[in-house]
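Encoded as structure tokens, the structure appears first; notes follow it.
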Amino acid sequence: MQLDKIRNFCIVAHIDHGKSTLADRLIEETGMLQKREMKAQVLDTLDLERERGITIKLNAVRMSYTAKDGETYELNLIDTPGHVDFTYEVSRSLAACEGAVLVVDASQGIQAQTLSNLFLAMDAGLEIIPILNKIDLPGAEPDRRAQEVADLLGVDPDGILRVSAKAGIGIGDLLEAVVERVPAPTGDPDGPLRALIYDSYYDKYRGAIPSVRVVDGVLKPKMQITFGSNDAVYEVAEVGYNQLRQVKADQLGPGEVGYVVASVRSVKETRAGDTVFDATNRAEEPLPGYQEVRSFVFAGIYPTDTTQYELLRDALEKLQLNDASLQYEPETSTALGFGFRCGFLGLLHMEIVQERLEREYDLDLVTTVPSVEYKVHLTDGTLTEIENPSLMPPAGVIAAVEEPYVKARIMAPKDYIGPLMTLGTERRGIYKNMTYLDQERVEFDFEFPLAEIILDFFDKMKTVSRGYASLDYEMLGYRESDLVRLDMLINGDPIDAFSVIIHKDKAYEWGRKIADKLKDLIPRQLFEVAIQAAIGQKVIARTTVKPLRKDVLAKCYGGDISRKRKLLEKQKEGKKRMKQVGAVEIPQEAFLAVLQVE
Amino acid sequence: MPYRHVYVHVPFCARRCAYCDFAIAVRPRVPVEEYLRALEGELTLRLGAAPTPERRPSVDTLYLGGGTPSRLGGAGAAAAVGLVGRWFRLADGAEVTLEVNPDDVTDEAVAAWRAGGINRVSLGGQTFDPAALAWMHRTHDAGQIERAVATLRAGGIDDLSLDLIFALPASVPRDWAADVARALALAPTHLSLYGLTVEPGTPLGRWAERGDVTEADEDRYAAEFLHAHDALTSAGFEHYEVSNFARPGHRARHNSAYWSGAPYLGLGPSAHGYDGAERRWNVSAYAAWVRAVAEGRDPVEGAEALDPAMRSAESVYLGLRTVDGLTLVDADVARTARWESEGWAERVGDRLRLTAPGWLRLDALAADLTVARSRS
């Protein structure tokens with residue numbers, strides 16, 4: 001295909017603003033499939049994505065479109081993940097495009113996340129085609145929203161396309177705009193191969209299959225290829241492109257988007273952002289922008305039933321084949337036994353992994369309180385990185401602790417300024433700025449310690465704003481904070497799974513709440529159970545579970561020994577489901593409860 | 001394994017007591033003939049035709065429990081003993097117990113029981129407090145308990161056990177210490193003390209559900225249990241099982257068989273039996289039992305073969321509930337050392353037995369030890 005007949009573009013939109021419906025409509029309009037063949041939202045392939053209405057794995061669709069100028073163009077629609085956890089992945093798929101369609105809901109207007117992805121697209125030098133979607137809905141305010149978008153992008157409000165993906169209004173105009181306004185790709189067809197990996201997935205028969213955008217050179221079967229991040233060499237078995245299904249091609253040339261099958265062992269070797277080279281004629285420079293996987297949120301994952309450890313290990317191994325951003329290593333907890341410390345891109349990523357483990361592998365799991373990675377400067381001048389709170393060294397040897405901060409953008413109707421400011425302050429947010437987007441909506445800029453927003457910040461924000469506020473954040477870097485390690489002690493023994501690293505000012509309240517929760521959740525036992533929250537040697541909260549003074553049914557059972565035995569067996573089963581720590585039995589719920597501290 | 005112990009369930013009661021969830025049949029007129037016919041039927045169905053006297057295996061205990069077996073009357077209860085006697089020979093010195101309600105005790109009935117071979121009576125007193133008796137829906141008054149004891153003694157039955165219930169709700173006014181003293185004054189050979197348990201489906205269960213009564217709290221339960229232990233042991237009784245006290249030589253031999261894991265034959269509706277390998281139980285409704293037998297079917301409702309884990313759980317629980325205790329294994333000691341230091345258990349040679357404070361925690365301790373043993 002000639003370079004000037006190719007258009008690579010993506011769609012930038014907030015969840016629910018109609019990205020998937022719009023993609024469906026474009027595919028339908030270009031005649032690739034009939035309406036009755038359409039399964040709603042064809043781009044999203046994971047069940048989980050469809051359920052949550054969000055895209056996690058990326059896909060691309062090649063469309064063939066004959067424009068008004070009579071020429072036939074190859075349009076590649078490249079999907080982008082729609083969540084804040086996947087910023088790097090978004091940036092890589094944007095790097096495969098020359099243009100972006102910015103979708104704004106004509107009633108809701110611009111949301112925080114749209115803005116973040118828009119800025120990423122603008123940073124990547126993409127041509128932006130703004131459109132207003134859902135113009136046919138009763139609440140639509142296209143004029144007002146068009147002005148908002150125009151102000152943001154510095155364009156003429158009249159030039160903003162008005163579309164209803166659902167009703168099929170304005171789709172033809174949009175396709176024309178893509179052809180006219182998105183620049184054609186450039187690249188050297190005769191140079192050594194350089195192709196950008198923007199996603200990959202694992203096929204159990206064909207290995208890791210990267211999705212690529214060829215920049216220079218040609219990619220075709222029988223070639224020996226290698227990747228920037230490792231030295232392994234693979235022979236290409238097949239190349240092709242997606243047109244709802246994979247279509248084999250003879251080759252992929254500059255500007256083209258497609259897939260490569262080369263029996264690559266795992267997706268760890270085909271990380272988004274990496275470059276595919278010709279192993280026999282390697283280009284000098286890799287494509288820019290590649291980053292190693294970086295986990296921001298960490299948590300211990302343990303099987304409830306200790307005999308499921310091996311199953312969990314196998315499940316994580318399989319999951320990682322398809323998810324290069326999941327990291328894990330074995331970990332032992334005195335309270336929970338054998339499990340894994342896992343690193344995630346963010347909270348959503350953690351939830352997805354947890355849910356897939358439970359759903360697809362039928363595991364029953366306990367997850368510890370998520371944590372971030374701290375940089376701990378010791379008094380002897382050394383630096384250590386800690387992401388498991390129970391491994392935090394004693395206060396005496398710590399000179400300073402740094403924690404990761406994020407820059408957060410919250411957008412909300414102005415009625416919720418008060419509650420959102422309060423929430424921001426509660427979470428140690430540093431208020432930076434507030435701008436009115438229009439007469440109704442404001443944008444706040446905050447800086448937060450990442451640790452303060454990984455637990456339940458998003459839910460809280462939604463609650464205080466009745467669902468209207470949207471959030472986006474990006475990493476800022478590390479800053480020194482007054483942090484302490486808070487341990488929960490049961491009868492004097494620290495329970496590692498309950499340890500947290502927390503700001504000094506919040507430690508007392510947290511300790512008291514956890515102690516109260518545990519008091520409610522730990523059943524009374526034969527001996528008194530002392531629950532303490534402590535920072536180092538200093539106990540900051542304590543409570544006790546009084547011992548049973550009596551646990552017997554001394555009634556007349558006659559010869560009915562079975563009944564009594566069954567009661568005993570029930571009691572015994574109950575005990576077995578609990579984690580025995582010293583002489584104390586702690587129910588599983590207690591470990592979950594710390595995740596839900598109000 | 002041959003049976004040395006026979007239990008016969010007699011389900012009839014004049015009225016259901018407020019706390020009772022046993023298989024009983026409330027009958028103003030007791031169908032004695034029908035009952036005895038069915039009892040004979042079950043014996044024939046399960047054991048074959050009655051053997052000749054010299055071929056009858058001998059048993060050490062026979063226990064007529066209920067329900068209210070004394071509702072069979074003098075002749076009826078004696079006839080039931082006689083029926084069992086056609087299949088089993090009562091060994092010399094055999095213990096033959098009848099459960100009796102005070103209002104069924106008359107000179108004539110006692111004479112008939114005595115003549116029929118009954119040599120021990122377990123008398124359902126429960127309390128001497130008139131208000132508490134009425135609250136329990138008992139059919140007798142306090143005076144009848146005392147008169148019944150006198151009548152039984154006069155009739156030659158002086159191996160007497162008395163049942164009392166403790167841990168009544170705080171809202172039921174009754175002086176437990178006074179009840180214990182009054183029971184002691186009657187000089188029984190044996191006492192069974194049961195903690196009141198609220199069971200669903202009983203009148204008491206419904207009262208509790210409605211919030212009309214609240215079960216006694218742990219402190220009250222513990223205090224009454226320990227008071228009885230102190231008062232009765234000071235008076236020369238041996239606290240030989242969590243709920244039972246006996247004068248020396250007067251332990252209930254029949255119940256002790258249950259606790260030691262010996263086989264026993266259970267007859268009558270809802271009766272449980274154990275042949276050394278399998279536990280079985282009969283249908284609990286009286287009418288269903290009569291019908292099954294009349295149609296020539298074994299009235300069994302269910303059975304379970306004991307696997308090693310079940311056997312082990314039973315031996316722990318049964319062992320801990322009596323003063324004989326159980327033989328310690330290595331896996332136990334990590335737990336039981338603490339029990340000893342808490343005063344809940346004591347070592348006698350290689351055996352461990354619970355003390356009265358230990359029995360207050362019997363269920364928890366038994367579960368604890370069962371888990372410890374299953375993990376080792």
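Simple scheme: letters A, B, ... for chains in structure tokens order, numbers from 1 for residues in each chain, numbers from 1 for ligands in the order shown.
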
- Task: Find the residues in chain A near chain B: any atom within 6 Å counts, using only C-alpha atoms. Write them as JSON, numbers by chain.
- Result: {"A": [549, 550, 551, 552, 554, 555, 559, 560, 568, 572]}

File dump, residues just selected, N, CA and C atoms, as an mmCIF file, in the first residue's frame:
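Printed below is result39.cif as written:
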```
data_model
loop_
_atom_site.group_PDB
_atom_site.id
_atom_site.type_symbol
_atom_site.label_atom_id
_atom_site.label_comp_id
_atom_site.auth_asym_id
_atom_site.auth_seq_id
_atom_site.Cartn_x
_atom_site.Cartn_y
_atom_site.Cartn_z
ATOM 1 N N ARG A 549 -16.352 -17.562 78.908
ATOM 2 C CA ARG A 549 -16.411 -18.104 80.263
ATOM 3 C C ARG A 549 -17.061 -19.478 80.213
ATOM 4 N N LYS A 550 -17.694 -19.747 79.092
ATOM 5 C CA LYS A 550 -18.427 -20.995 78.977
ATOM 6 C C LYS A 550 -18.589 -21.323 77.509
ATOM 7 N N ASP A 551 -18.289 -22.547 77.157
ATOM 8 C CA ASP A 551 -18.580 -22.999 75.806
ATOM 9 C C ASP A 551 -18.899 -24.482 75.902
ATOM 10 N N VAL A 552 -20.100 -24.761 76.307
ATOM 11 C CA VAL A 552 -20.528 -26.150 76.443
ATOM 12 C C VAL A 552 -22.042 -26.187 76.370
ATOM 13 N N ALA A 554 -24.322 -28.475 77.968
ATOM 14 C CA ALA A 554 -24.452 -29.613 78.880
ATOM 15 C C ALA A 554 -25.914 -29.967 78.970
ATOM 16 N N LYS A 555 -26.412 -30.546 77.869
ATOM 17 C CA LYS A 555 -27.800 -30.958 77.937
ATOM 18 C C LYS A 555 -27.851 -32.461 77.764
ATOM 19 N N GLY A 559 -28.470 -41.324 74.109
ATOM 20 C CA GLY A 559 -27.521 -42.095 73.313
ATOM 21 C C GLY A 559 -27.207 -41.454 71.981
ATOM 22 N N ASP A 560 -27.713 -40.224 71.769
ATOM 23 C CA ASP A 560 -27.510 -39.559 70.486
ATOM 24 C C ASP A 560 -26.122 -38.938 70.428
ATOM 25 N N LEU A 568 -19.686 -30.868 66.975
ATOM 26 C CA LEU A 568 -18.246 -30.754 67.175
ATOM 27 C C LEU A 568 -17.531 -30.600 65.834
ATOM 28 N N LYS A 572 -15.234 -27.641 64.510
ATOM 29 C CA LYS A 572 -13.889 -27.939 64.039
ATOM 30 C C LYS A 572 -13.669 -27.344 62.647
#
```

- Spatial neighbours of region 284-289 of chain B, 7 Å, only C-alpha atoms, chain gap at least 3 places, as number ranges by chain: B: 23, 25, 269-270, 292-293, 299

Residues from the last selection, C-alpha atoms, saved as a compact mmCIF listing (two decimals), in the first residue's frame:
```txt
# COMPACT_ATOMS: atom_id res chain seq x y z
CA ALA B 23 -39.14 -36.93 70.13
CA ALA B 25 -45.87 -37.89 71.79
CA PRO B 269 -39.13 -44.15 68.16
CA SER B 270 -36.04 -41.98 67.71
CA ALA B 292 -43.15 -49.25 60.12
CA VAL B 293 -43.17 -52.08 62.58
CA PRO B 299 -38.08 -48.53 61.68
```

- Near-Pro130 (chain B) list (10 Å; only C-alpha atoms; drop same-chain fewer than 3 positions) as number ranges by chain: B: 127, 133-136, 138, 140-143, 173-174

- Task: Extract the full set of strand (DSSP E) residues from region 252-289 of chain A according to DSSP on the backbone, and format it as a list of chain:residue names.
- Result: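 Listing strand (DSSP E) positions across region 252-289 of chain A yields A:Val257, A:Gly258, A:Tyr259, A:Val260, A:Val261, A:Thr275, A:Val276, A:Phe277, A:Asp278.
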
- Message: So the first atom is CA of Ile160 (chain A) and the second is CA of Ile135 (chain A); what is the distance between them in Å, to one decimal place?
- Response: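 Atom-to-atom, CA of Ile160 (chain A) and CA of Ile135 (chain A) are spaced 12.1 Å apart.
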
- Task: Name the residues of region 91-291 of chain B that fall into alpha helix (DSSP H) according to DSSP on the backbone, using the chain letters and numbers of this document, as a ChimeraX atom specification.
- Result: /B:107-116,130-135,142-154,176-185,203-210,218-234,253-260,286-291

- For Leu244 (chain A), the closest of A:Ile501, A:Leu391, A:Ala60, A:Ala177 counting only C-alpha atoms is A:Ala60

Set the distance at 6 Å and use only C-alpha atoms: which residues neighbour Pro142 (chain A) once local chain neighbours fewer than 3 positions away are removed? I'd like the list as a PDB file with C-alpha atoms, in the first residue's frame.
```pdb
ATOM      1  CA  ALA A 106     -22.702  16.350  23.970  1.00  0.00           C
ATOM      2  CA  ARG A 145     -20.023  21.665  24.511  1.00  0.00           C
ATOM      3  CA  ALA A 146     -18.689  22.753  21.133  1.00  0.00           C
TER       4      ALA A 146
END
```

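Taking CA of Arg479 (chain A) and CA of Pro404 (chain A) as endpoints, the distance between them is 6.4 Å.
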
- Just the residues within 6 Å of Ala13 (chain A), please, counting only C-alpha atoms, with nothing from its chain fewer than 6 positions along; format it as a PyMOL selection string. chain A and resi 19+103+114

- Interatomic distance, CA of Glu310 (chain A) to CA of Met350 (chain A) (Å, one decimal):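 Distance between the two atoms: 20.2 Å.
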
- Message: Please determine, counting only C-alpha atoms, which residue among B:His137, B:Ala111, B:Pro263, B:Val121 has the shortest atom-to-atom distance to Pro203 (chain B).
- Response: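 Using only C-alpha atoms, Pro203 (chain B) sits closest to B:His137.
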
- Message: I want to know what sits within 8 Å of region 589-593 of chain A, based on only C-alpha atoms, with residues of the same chain fewer than 6 positions away left out; could you give that as a PyMOL selection string?
- Response: chain A and resi 366-368+497-498+517-518+521-522

Using N, CA, C and O atoms, can you write the selected residues to a file as a PDB file, in the first residue's frame?
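The resulting result-v5.pdb:
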```
ATOM      1  N   VAL A 366      -7.042 -14.226  49.446  1.00  0.00           N
ATOM      2  CA  VAL A 366      -6.986 -13.128  50.407  1.00  0.00           C
ATOM      3  C   VAL A 366      -5.943 -12.154  49.886  1.00  0.00           C
ATOM      4  O   VAL A 366      -4.840 -12.557  49.550  1.00  0.00           O
ATOM      5  N   THR A 367      -6.327 -10.899  49.779  1.00  0.00           N
ATOM      6  CA  THR A 367      -5.386  -9.894  49.301  1.00  0.00           C
ATOM      7  C   THR A 367      -5.069  -8.947  50.448  1.00  0.00           C
ATOM      8  O   THR A 367      -5.970  -8.517  51.155  1.00  0.00           O
ATOM      9  N   THR A 368      -3.816  -8.631  50.622  1.00  0.00           N
ATOM     10  CA  THR A 368      -3.454  -7.725  51.708  1.00  0.00           C
ATOM     11  C   THR A 368      -3.704  -6.277  51.290  1.00  0.00           C
ATOM     12  O   THR A 368      -3.955  -6.004  50.124  1.00  0.00           O
ATOM     13  N   ALA A 497       0.441  -9.341  57.938  1.00  0.00           N
ATOM     14  CA  ALA A 497      -0.526  -8.969  56.897  1.00  0.00           C
ATOM     15  C   ALA A 497      -1.300  -7.695  57.248  1.00  0.00           C
ATOM     16  O   ALA A 497      -1.927  -7.082  56.386  1.00  0.00           O
ATOM     17  N   PHE A 498      -1.267  -7.297  58.514  1.00  0.00           N
ATOM     18  CA  PHE A 498      -2.011  -6.106  58.930  1.00  0.00           C
ATOM     19  C   PHE A 498      -1.133  -4.848  58.959  1.00  0.00           C
ATOM     20  O   PHE A 498      -1.631  -3.749  59.201  1.00  0.00           O
ATOM     21  N   LYS A 517     -12.317  -2.960  64.512  1.00  0.00           N
ATOM     22  CA  LYS A 517     -12.826  -3.916  63.527  1.00  0.00           C
ATOM     23  C   LYS A 517     -12.438  -5.337  63.888  1.00  0.00           C
ATOM     24  O   LYS A 517     -13.257  -6.256  63.832  1.00  0.00           O
ATOM     25  N   LEU A 518     -11.181  -5.489  64.268  1.00  0.00           N
ATOM     26  CA  LEU A 518     -10.712  -6.829  64.611  1.00  0.00           C
ATOM     27  C   LEU A 518     -11.444  -7.351  65.836  1.00  0.00           C
ATOM     28  O   LEU A 518     -11.759  -8.524  65.941  1.00  0.00           O
ATOM     29  N   LEU A 521     -14.509  -8.812  64.685  1.00  0.00           N
ATOM     30  CA  LEU A 521     -14.400  -9.946  63.758  1.00  0.00           C
ATOM     31  C   LEU A 521     -13.746 -11.181  64.362  1.00  0.00           C
ATOM     32  O   LEU A 521     -13.970 -12.286  63.901  1.00  0.00           O
ATOM     33  N   ILE A 522     -12.911 -10.975  65.361  1.00  0.00           N
ATOM     34  CA  ILE A 522     -12.271 -12.141  65.967  1.00  0.00           C
ATOM     35  C   ILE A 522     -13.240 -12.717  67.002  1.00  0.00           C
ATOM     36  O   ILE A 522     -13.633 -12.035  67.937  1.00  0.00           O
TER      37      ILE A 522
END
```
